[in-house]
file data_19.pdb (PDB, C-alpha atoms, pLDDT in the B column)
ATOM      1  CA  MET H 214     -12.449 123.706  -3.746  1.00 58.00           C
ATOM      2  CA  ASN H 215     -11.288 122.937  -0.227  1.00 61.00           C
ATOM      3  CA  LYS H 216      -8.158 120.901   0.565  1.00 58.00           C
ATOM      4  CA  HIS H 217     -10.022 117.775   1.663  1.00 52.00           C
ATOM      5  CA  LEU H 218     -12.103 117.642  -1.509  1.00 51.00           C
ATOM      6  CA  LYS H 219      -8.997 118.093  -3.673  1.00 55.00           C
ATOM      7  CA  ALA H 220      -7.246 115.299  -1.777  1.00 50.00           C
ATOM      8  CA  LEU H 221     -10.275 112.998  -2.166  1.00 44.00           C
ATOM      9  CA  VAL H 222     -10.519 113.695  -5.925  1.00 45.00           C
ATOM     10  CA  THR H 223      -6.773 113.061  -6.292  1.00 50.00           C
ATOM     11  CA  VAL H 224      -7.034 109.719  -4.466  1.00 44.00           C
ATOM     12  CA  ILE H 225     -10.053 108.640  -6.526  1.00 52.00           C
ATOM     13  CA  LEU H 226      -8.298 109.541  -9.788  1.00 45.00           C
ATOM     14  CA  ALA H 227      -5.163 107.685  -8.702  1.00 45.00           C
ATOM     15  CA  VAL H 228      -7.219 104.550  -7.941  1.00 45.00           C
ATOM     16  CA  VAL H 229      -9.044 104.778 -11.288  1.00 44.00           C
ATOM     17  CA  PHE H 230      -5.744 105.115 -13.183  1.00 46.00           C
ATOM     18  CA  ALA H 231      -4.188 102.221 -11.228  1.00 45.00           C
ATOM     19  CA  VAL H 232      -7.154  99.928 -11.949  1.00 43.00           C
ATOM     20  CA  ASN H 233      -7.086 100.847 -15.652  1.00 47.00           C
ATOM     21  CA  ALA H 234      -3.343 100.185 -15.869  1.00 42.00           C
ATOM     22  CA  ALA H 235      -3.672  96.817 -14.111  1.00 41.00           C
ATOM     23  CA  THR H 236      -6.558  95.814 -16.389  1.00 40.00           C
ATOM     24  CA  ALA H 237      -4.584  96.772 -19.484  1.00 39.00           C
ATOM     25  CA  LEU H 238      -1.565  94.739 -18.380  1.00 38.00           C
ATOM     26  CA  THR H 239      -3.695  91.698 -17.557  1.00 36.00           C
ATOM     27  CA  ALA H 240      -5.537  91.946 -20.879  1.00 36.00           C
ATOM     28  CA  CYS H 241      -2.243  91.968 -22.785  1.00 35.00           C
ATOM     29  CA  GLU H 242      -1.019  88.900 -20.931  1.00 42.00           C
ATOM     30  CA  ASN H 243      -4.281  87.025 -21.594  1.00 50.00           C
ATOM     31  CA  ASP H 244      -4.192  87.924 -25.288  1.00 71.00           C
ATOM     32  CA  ASP H 245      -0.838  86.160 -25.625  1.00 90.00           C
ATOM     33  CA  VAL H 246      -2.175  82.709 -24.702  1.00 92.00           C
ATOM     34  CA  PHE H 247      -5.173  80.578 -25.583  1.00 93.00           C
ATOM     35  CA  GLY H 248      -7.969  80.269 -23.035  1.00 91.00           C
ATOM     36  CA  LYS H 249      -9.484  77.265 -21.275  1.00 89.00           C
ATOM     37  CA  LYS H 250     -12.156  76.593 -23.900  1.00 93.00           C
ATOM     38  CA  ASP H 251      -9.839  76.966 -26.918  1.00 95.00           C
ATOM     39  CA  THR H 252      -9.274  73.785 -28.906  1.00 95.00           C
ATOM     40  CA  MET H 253      -8.316  72.745 -32.406  1.00 97.00           C
ATOM     41  CA  THR H 254      -8.780  69.555 -34.387  1.00 97.00           C
ATOM     42  CA  LEU H 255      -5.764  67.524 -35.450  1.00 97.00           C
ATOM     43  CA  VAL H 256      -6.343  64.692 -37.908  1.00 98.00           C
ATOM     44  CA  VAL H 257      -3.751  62.061 -38.758  1.00 97.00           C
ATOM     45  CA  GLY H 258      -4.756  60.683 -42.131  1.00 95.00           C
ATOM     46  CA  THR H 259      -4.030  57.006 -41.822  1.00 92.00           C
ATOM     47  CA  GLU H 260      -6.244  54.436 -43.579  1.00 92.00           C
ATOM     48  CA  GLU H 261      -8.796  55.095 -40.833  1.00 94.00           C
ATOM     49  CA  PRO H 262      -8.096  58.758 -39.915  1.00 96.00           C
ATOM     50  CA  ALA H 263      -7.356  59.415 -36.244  1.00 96.00           C
ATOM     51  CA  GLU H 264      -8.924  62.630 -34.944  1.00 97.00           C
ATOM     52  CA  TYR H 265      -7.684  64.461 -31.856  1.00 97.00           C
ATOM     53  CA  GLU H 266      -9.197  67.467 -30.109  1.00 97.00           C
ATOM     54  CA  ILE H 267      -6.185  69.374 -28.813  1.00 96.00           C
ATOM     55  CA  GLU H 268      -6.667  71.602 -25.785  1.00 95.00           C
ATOM     56  CA  LEU H 269      -4.793  74.856 -26.409  1.00 95.00           C
ATOM     57  CA  ASP H 270      -5.246  76.272 -22.900  1.00 93.00           C
ATOM     58  CA  GLY H 271      -2.114  78.138 -21.845  1.00 92.00           C
ATOM     59  CA  MET H 272      -0.325  77.701 -25.184  1.00 94.00           C
ATOM     60  CA  LYS H 273       1.014  80.845 -26.822  1.00 94.00           C
ATOM     61  CA  ARG H 274      -1.146  82.207 -29.622  1.00 92.00           C
ATOM     62  CA  ASN H 275       1.873  82.246 -31.928  1.00 90.00           C
ATOM     63  CA  CYS H 276       2.448  78.509 -31.508  1.00 93.00           C
ATOM     64  CA  SER H 277       3.035  76.255 -34.502  1.00 93.00           C
ATOM     65  CA  LEU H 278       1.974  72.765 -35.521  1.00 95.00           C
ATOM     66  CA  THR H 279       5.066  71.306 -33.859  1.00 94.00           C
ATOM     67  CA  ASP H 280       3.919  72.886 -30.572  1.00 94.00           C
ATOM     68  CA  VAL H 281       0.492  71.313 -31.108  1.00 96.00           C
ATOM     69  CA  LEU H 282       2.154  67.955 -31.759  1.00 96.00           C
ATOM     70  CA  ASP H 283       4.001  68.325 -28.446  1.00 95.00           C
ATOM     71  CA  ALA H 284       0.616  68.925 -26.782  1.00 95.00           C
ATOM     72  CA  ALA H 285      -0.840  65.895 -28.614  1.00 96.00           C
ATOM     73  CA  LYS H 286       2.055  63.821 -27.337  1.00 96.00           C
ATOM     74  CA  ALA H 287       1.291  64.927 -23.771  1.00 95.00           C
ATOM     75  CA  GLN H 288      -2.510  64.638 -24.115  1.00 94.00           C
ATOM     76  CA  TYR H 289      -2.747  61.477 -26.267  1.00 96.00           C
ATOM     77  CA  GLU H 290       0.758  59.935 -26.343  1.00 97.00           C
ATOM     78  CA  LEU H 291       0.923  60.720 -30.071  1.00 97.00           C
ATOM     79  CA  ASP H 292       4.532  60.333 -31.214  1.00 97.00           C
ATOM     80  CA  TYR H 293       6.055  62.126 -34.180  1.00 96.00           C
ATOM     81  CA  VAL H 294       9.377  62.507 -35.955  1.00 95.00           C
ATOM     82  CA  GLU H 295      10.326  66.030 -37.086  1.00 91.00           C
ATOM     83  CA  LYS H 296      13.547  67.510 -38.430  1.00 87.00           C
ATOM     84  CA  LYS H 297      13.975  71.198 -39.243  1.00 81.00           C
ATOM     85  CA  GLY H 298      10.209  71.795 -39.353  1.00 73.00           C
ATOM     86  CA  LEU H 299       9.477  68.852 -41.657  1.00 84.00           C
ATOM     87  CA  LEU H 300       7.440  65.897 -40.456  1.00 93.00           C
ATOM     88  CA  TYR H 301       8.560  62.376 -41.285  1.00 94.00           C
ATOM     89  CA  GLU H 302       6.166  60.342 -39.103  1.00 96.00           C
ATOM     90  CA  VAL H 303       3.086  61.157 -37.016  1.00 97.00           C
ATOM     91  CA  GLY H 304       1.512  58.384 -34.971  1.00 96.00           C
ATOM     92  CA  ASP H 305       0.813  55.454 -37.307  1.00 96.00           C
ATOM     93  CA  LEU H 306       1.344  57.637 -40.384  1.00 96.00           C
ATOM     94  CA  LYS H 307       4.709  56.521 -41.731  1.00 95.00           C
ATOM     95  CA  PRO H 308       5.159  57.387 -45.402  1.00 94.00           C
ATOM     96  CA  ASP H 309       7.278  55.068 -47.562  1.00 91.00           C
ATOM     97  CA  SER H 310       9.968  57.267 -49.107  1.00 88.00           C
ATOM     98  CA  ALA H 311      10.964  54.409 -51.430  1.00 91.00           C
ATOM     99  CA  LYS H 312       7.530  54.820 -53.053  1.00 91.00           C
ATOM    100  CA  GLY H 313       7.906  58.606 -53.181  1.00 91.00           C
ATOM    101  CA  GLU H 314       5.455  59.167 -50.312  1.00 93.00           C
ATOM    102  CA  TYR H 315       5.856  62.043 -47.934  1.00 93.00           C
ATOM    103  CA  ILE H 316       3.768  63.940 -45.394  1.00 95.00           C
ATOM    104  CA  TYR H 317       1.483  66.637 -46.746  1.00 94.00           C
ATOM    105  CA  LEU H 318      -0.279  69.203 -44.555  1.00 96.00           C
ATOM    106  CA  PHE H 319      -3.749  70.671 -45.002  1.00 97.00           C
ATOM    107  CA  THR H 320      -5.247  73.489 -42.937  1.00 97.00           C
ATOM    108  CA  THR H 321      -8.296  75.702 -42.484  1.00 98.00           C
ATOM    109  CA  VAL H 322      -6.099  78.719 -41.604  1.00 97.00           C
ATOM    110  CA  GLU H 323      -6.188  80.991 -44.672  1.00 97.00           C
ATOM    111  CA  SER H 324      -2.910  82.749 -43.915  1.00 96.00           C
ATOM    112  CA  ASP H 325      -1.115  79.409 -44.359  1.00 96.00           C
ATOM    113  CA  PHE H 326      -2.819  78.336 -47.608  1.00 97.00           C
ATOM    114  CA  ASP H 327      -0.521  77.296 -50.433  1.00 95.00           C
ATOM    115  CA  VAL H 328      -0.844  79.912 -53.167  1.00 95.00           C
ATOM    116  CA  SER H 329       1.312  78.127 -55.739  1.00 94.00           C
ATOM    117  CA  GLU H 330       0.096  76.308 -58.838  1.00 93.00           C
ATOM    118  CA  ASN H 331       0.469  73.052 -56.859  1.00 89.00           C
ATOM    119  CA  VAL H 332      -2.257  73.899 -54.335  1.00 94.00           C
ATOM    120  CA  LYS H 333      -4.486  70.979 -53.313  1.00 95.00           C
ATOM    121  CA  THR H 334      -7.811  70.953 -51.517  1.00 96.00           C
ATOM    122  CA  MET H 335      -9.675  68.267 -49.641  1.00 96.00           C
ATOM    123  CA  THR H 336     -12.733  67.801 -47.475  1.00 96.00           C
ATOM    124  CA  TYR H 337     -12.733  66.089 -44.108  1.00 96.00           C
ATOM    125  CA  LYS H 338     -16.111  65.658 -42.383  1.00 96.00           C
ATOM    126  CA  ASP H 339     -17.675  68.639 -44.188  1.00 95.00           C
ATOM    127  CA  THR H 340     -14.621  70.822 -43.483  1.00 96.00           C
ATOM    128  CA  SER H 341     -12.792  72.225 -46.500  1.00 97.00           C
ATOM    129  CA  LEU H 342      -9.024  72.271 -46.130  1.00 97.00           C
ATOM    130  CA  THR H 343      -6.272  73.651 -48.348  1.00 97.00           C
ATOM    131  CA  SER H 344      -2.700  72.447 -48.600  1.00 96.00           C
ATOM    132  CA  SER H 345      -0.315  74.410 -46.430  1.00 96.00           C
ATOM    133  CA  GLY H 346       2.253  76.643 -48.046  1.00 95.00           C
ATOM    134  CA  VAL H 347       4.463  76.480 -44.939  1.00 94.00           C
ATOM    135  CA  GLY H 348       6.054  73.707 -42.912  1.00 92.00           C
ATOM    136  CA  ALA H 349       4.940  72.347 -39.555  1.00 93.00           C
ATOM    137  CA  GLY H 350       7.288  74.653 -37.653  1.00 91.00           C
ATOM    138  CA  GLU H 351       5.779  77.740 -39.297  1.00 92.00           C
ATOM    139  CA  MET H 352       2.069  76.858 -39.406  1.00 94.00           C
ATOM    140  CA  THR H 353      -0.395  79.178 -37.704  1.00 95.00           C
ATOM    141  CA  ILE H 354      -2.701  77.658 -35.103  1.00 96.00           C
ATOM    142  CA  LEU H 355      -6.028  79.332 -34.338  1.00 96.00           C
ATOM    143  CA  ALA H 356      -8.800  78.288 -31.969  1.00 96.00           C
ATOM    144  CA  ASN H 357     -11.252  75.968 -33.754  1.00 97.00           C
ATOM    145  CA  CYS H 358      -8.942  75.393 -36.736  1.00 97.00           C
ATOM    146  CA  THR H 359      -8.389  71.979 -38.297  1.00 98.00           C
ATOM    147  CA  VAL H 360      -5.055  70.601 -39.459  1.00 98.00           C
ATOM    148  CA  TYR H 361      -5.011  67.373 -41.459  1.00 98.00           C
ATOM    149  CA  ILE H 362      -1.710  65.508 -41.690  1.00 97.00           C
ATOM    150  CA  GLY H 363      -1.788  63.177 -44.658  1.00 95.00           C
ATOM    151  CA  THR H 364       0.508  61.857 -47.356  1.00 93.00           C
ATOM    152  CA  THR H 365       1.044  62.460 -51.010  1.00 89.00           C
ATOM    153  CA  ILE H 366       3.251  60.907 -53.651  1.00 88.00           C
ATOM    154  CA  TYR H 367       5.980  63.075 -55.095  1.00 78.00           C
ATOM    155  CA  GLY H 368       4.994  64.353 -58.534  1.00 70.00           C
ATOM    156  CA  GLU H 369       1.245  63.847 -58.151  1.00 65.00           C
TER
END
call {"tool": "encode", "arguments": {"input": "data_19.pdb", "output": "structure tokens"}}
result
Amino acid sequence: MNKHLKALVTVILAVVFAVNAATALTACENDDVFGKKDTMTLVVGTEEPAEYEIELDGMKRNCSLTDVLDAAKAQYELDYVEKKGLLYEVGDLKPDSAKGEYIYLFTTVESDFDVSENVKTMTYKDTSLTSSGVGAGEMTILANCTVYIGTTIYGE
């Protein structure tokens, strides 16, 4: 092989490797955040449930329900009260602790399903949801998932 051909092959290989490396780095970055078309459904279970389509674009894929509630606050002015991962109020949903009411979370994300003997299920608009076994600060958010924030009475 002559010198010019070797040099040309070396340059071509270097360009191919550089393009592959750049593509791999970009792919990793894009895998860490949701894309422009990614949304999830958030339902606040008041007497007349309020449904919100939350745009996840740019949010980290390891975000939690509290991150989604921050997005809902920005997108819909939905206020909430949270302490240490527990929700006390969301929008017009304000449980009466004197009556033993508290917020109860339901999800379509299987990895968060409650697996205890106290598991509850519900249906919202043909979507089956299971009570969450984790708090709002630990819930998994996936594109197209549904999270229903409702109430329950302690001991029921």
call {"tool": "residues_around", "arguments": {"input": "data_19.pdb", "residues": "stretch 346-352 of chain H", "least_positions_apart": "2", "cutoff": "7 Å", "atoms": "only C-alpha atoms", "output": "list in words"}}
result
Ser277, Leu278, Thr279, Gly298, Leu299, Leu300, Asp325, Phe326, Asp327, Val328, Ser344 and Ile354 of chain H
call {"tool": "closest_residue", "arguments": {"input": "data_19.pdb", "among": "H:Glu314, H:Asp339, H:Glu330, H:Glu295", "to": "H:Gly368", "atoms": "all atoms listed in the file"}}
result
H:Glu314
call {"tool": "closest_residue", "arguments": {"input": "data_19.pdb", "among": "H:Glu302, H:Glu290, H:Asp309, H:Glu323", "to": "H:Gly258", "atoms": "only C-alpha atoms"}}
result
H:Glu302
call {"tool": "residues_near_point", "arguments": {"input": "data_19.pdb", "point": "(-4.4, 74.4, -41.7)", "cutoff": "7 Å", "atoms": "all atoms listed in the file", "output": "list of chain:residue names"}}
result
H:Phe319, H:Thr320, H:Thr321, H:Val322, H:Asp325, H:Leu342, H:Thr343, H:Ser345, H:Cys358, H:Thr359, H:Val360
call {"tool": "resolve_selection", "arguments": {"input": "data_19.pdb", "expression": "the PyMOL selection byres ((chain H and resi 315) around 6)", "output": "VMD selection string"}}
result
chain H and resid 308 314 316 364 to 365
call {"tool": "closest_residue", "arguments": {"input": "data_19.pdb", "among": "H:Glu260, H:Asp245, H:Asp305, H:Glu268", "to": "H:Ala287", "atoms": "only C-alpha atoms"}}
result
H:Glu268
call {"tool": "closest_residue", "arguments": {"input": "data_19.pdb", "among": "H:Lys338, H:Lys333, H:Val256, H:Glu261", "to": "H:Val303", "atoms": "only C-alpha atoms"}}
result
H:Val256
call {"tool": "closest_residue", "arguments": {"input": "data_19.pdb", "among": "H:Leu318, H:Lys307, H:Tyr293, H:Ala285", "to": "H:Glu264", "atoms": "all atoms listed in the file"}}
result
H:Ala285
call {"tool": "atom_distance", "arguments": {"input": "data_19.pdb", "atom1": "atom CA of H:Lys297", "atom2": "atom CA of H:Thr340"}}
result
28.9 Å
call {"tool": "atom_distance", "arguments": {"input": "data_19.pdb", "atom1": "atom CA of H:Tyr265", "atom2": "atom CA of H:Leu355"}}
result
15.2 Å
call {"tool": "closest_residue", "arguments": {"input": "data_19.pdb", "among": "H:Asp244, H:Ser329, H:Thr252, H:Thr259", "to": "H:Lys273", "atoms": "only C-alpha atoms"}}
result
H:Asp244
call {"tool": "atom_distance", "arguments": {"input": "data_19.pdb", "atom1": "atom CA of H:Asp251", "atom2": "atom CA of H:Asp270"}}
result
6.1 Å
call {"tool": "residues_around", "arguments": {"input": "data_19.pdb", "residues": "H:Tyr289", "least_positions_apart": "4", "cutoff": "10 Å", "atoms": "all atoms listed in the file", "output": "mmCIF file with C-alpha atoms, in the frame of the given file"}}
result
data_model
loop_
_atom_site.group_PDB
_atom_site.id
_atom_site.type_symbol
_atom_site.label_atom_id
_atom_site.label_comp_id
_atom_site.auth_asym_id
_atom_site.auth_seq_id
_atom_site.Cartn_x
_atom_site.Cartn_y
_atom_site.Cartn_z
ATOM 1 C CA TYR H 265 -7.684 64.461 -31.856
ATOM 2 C CA GLU H 266 -9.197 67.467 -30.109
ATOM 3 C CA ILE H 267 -6.185 69.374 -28.813
ATOM 4 C CA LEU H 282 2.154 67.955 -31.759
ATOM 5 C CA ASP H 283 4.001 68.325 -28.446
ATOM 6 C CA ALA H 284 0.616 68.925 -26.782
ATOM 7 C CA ALA H 285 -0.840 65.895 -28.614
#
call {"tool": "axis_aligned_box", "arguments": {"input": "data_19.pdb", "around": "stretch 313-317 of chain H", "padding_each_side": "6 Å", "output": "AutoDock Vina command-line options"}}
result
--center_x 4.7 --center_y 62.6 --center_z -49.3 --size_x 18.4 --size_y 20.0 --size_z 19.8
call {"tool": "build_atoms", "arguments": {"input": "data_19.pdb", "residues": "stretch 286-308 of chain H", "atoms": "N, CA and C atoms", "output": "compact mmCIF listing (two decimals), in the coordinates of the input"}}
result
# COMPACT_ATOMS: atom_id res chain seq x y z
N LYS H 286 1.24 64.87 -27.96
CA LYS H 286 2.06 63.82 -27.34
C LYS H 286 1.73 63.74 -25.85
N ALA H 287 1.61 64.89 -25.20
CA ALA H 287 1.29 64.93 -23.77
C ALA H 287 -0.15 64.48 -23.51
N GLN H 288 -1.10 64.92 -24.34
CA GLN H 288 -2.51 64.64 -24.12
C GLN H 288 -2.93 63.25 -24.58
N TYR H 289 -2.30 62.73 -25.65
CA TYR H 289 -2.75 61.48 -26.27
C TYR H 289 -1.62 60.47 -26.51
N GLU H 290 -0.40 60.78 -26.09
CA GLU H 290 0.76 59.94 -26.34
C GLU H 290 0.97 59.72 -27.84
N LEU H 291 0.74 60.76 -28.62
CA LEU H 291 0.92 60.72 -30.07
C LEU H 291 2.38 61.08 -30.39
N ASP H 292 3.13 60.10 -30.88
CA ASP H 292 4.53 60.33 -31.21
C ASP H 292 4.67 60.90 -32.62
N TYR H 293 5.76 61.61 -32.84
CA TYR H 293 6.06 62.13 -34.18
C TYR H 293 7.56 62.29 -34.35
N VAL H 294 7.97 62.28 -35.62
CA VAL H 294 9.38 62.51 -35.96
C VAL H 294 9.43 63.75 -36.83
N GLU H 295 10.22 64.75 -36.39
CA GLU H 295 10.33 66.03 -37.09
C GLU H 295 11.79 66.43 -37.15
N LYS H 296 12.19 66.97 -38.28
CA LYS H 296 13.55 67.51 -38.43
C LYS H 296 13.45 68.80 -39.21
N LYS H 297 13.95 69.88 -38.60
CA LYS H 297 13.98 71.20 -39.24
C LYS H 297 12.60 71.63 -39.76
N GLY H 298 11.56 71.36 -38.98
CA GLY H 298 10.21 71.80 -39.35
C GLY H 298 9.49 70.87 -40.31
N LEU H 299 10.13 69.82 -40.76
CA LEU H 299 9.48 68.85 -41.66
C LEU H 299 9.10 67.61 -40.87
N LEU H 300 7.91 67.10 -41.13
CA LEU H 300 7.44 65.90 -40.46
C LEU H 300 7.75 64.66 -41.29
N TYR H 301 8.24 63.63 -40.61
CA TYR H 301 8.56 62.38 -41.28
C TYR H 301 7.63 61.25 -40.85
N GLU H 302 7.12 61.32 -39.62
CA GLU H 302 6.17 60.34 -39.10
C GLU H 302 5.28 61.05 -38.09
N VAL H 303 4.01 60.67 -38.05
CA VAL H 303 3.09 61.16 -37.02
C VAL H 303 2.18 59.99 -36.64
N GLY H 304 2.30 59.53 -35.40
CA GLY H 304 1.51 58.38 -34.97
C GLY H 304 1.77 57.20 -35.89
N ASP H 305 0.69 56.60 -36.40
CA ASP H 305 0.81 55.45 -37.31
C ASP H 305 1.04 55.86 -38.76
N LEU H 306 1.11 57.14 -39.02
CA LEU H 306 1.34 57.64 -40.38
C LEU H 306 2.85 57.65 -40.64
N LYS H 307 3.28 56.69 -41.46
CA LYS H 307 4.71 56.52 -41.73
C LYS H 307 4.89 56.34 -43.23
N PRO H 308 5.04 57.46 -43.94
CA PRO H 308 5.16 57.39 -45.40
C PRO H 308 6.37 56.54 -45.84
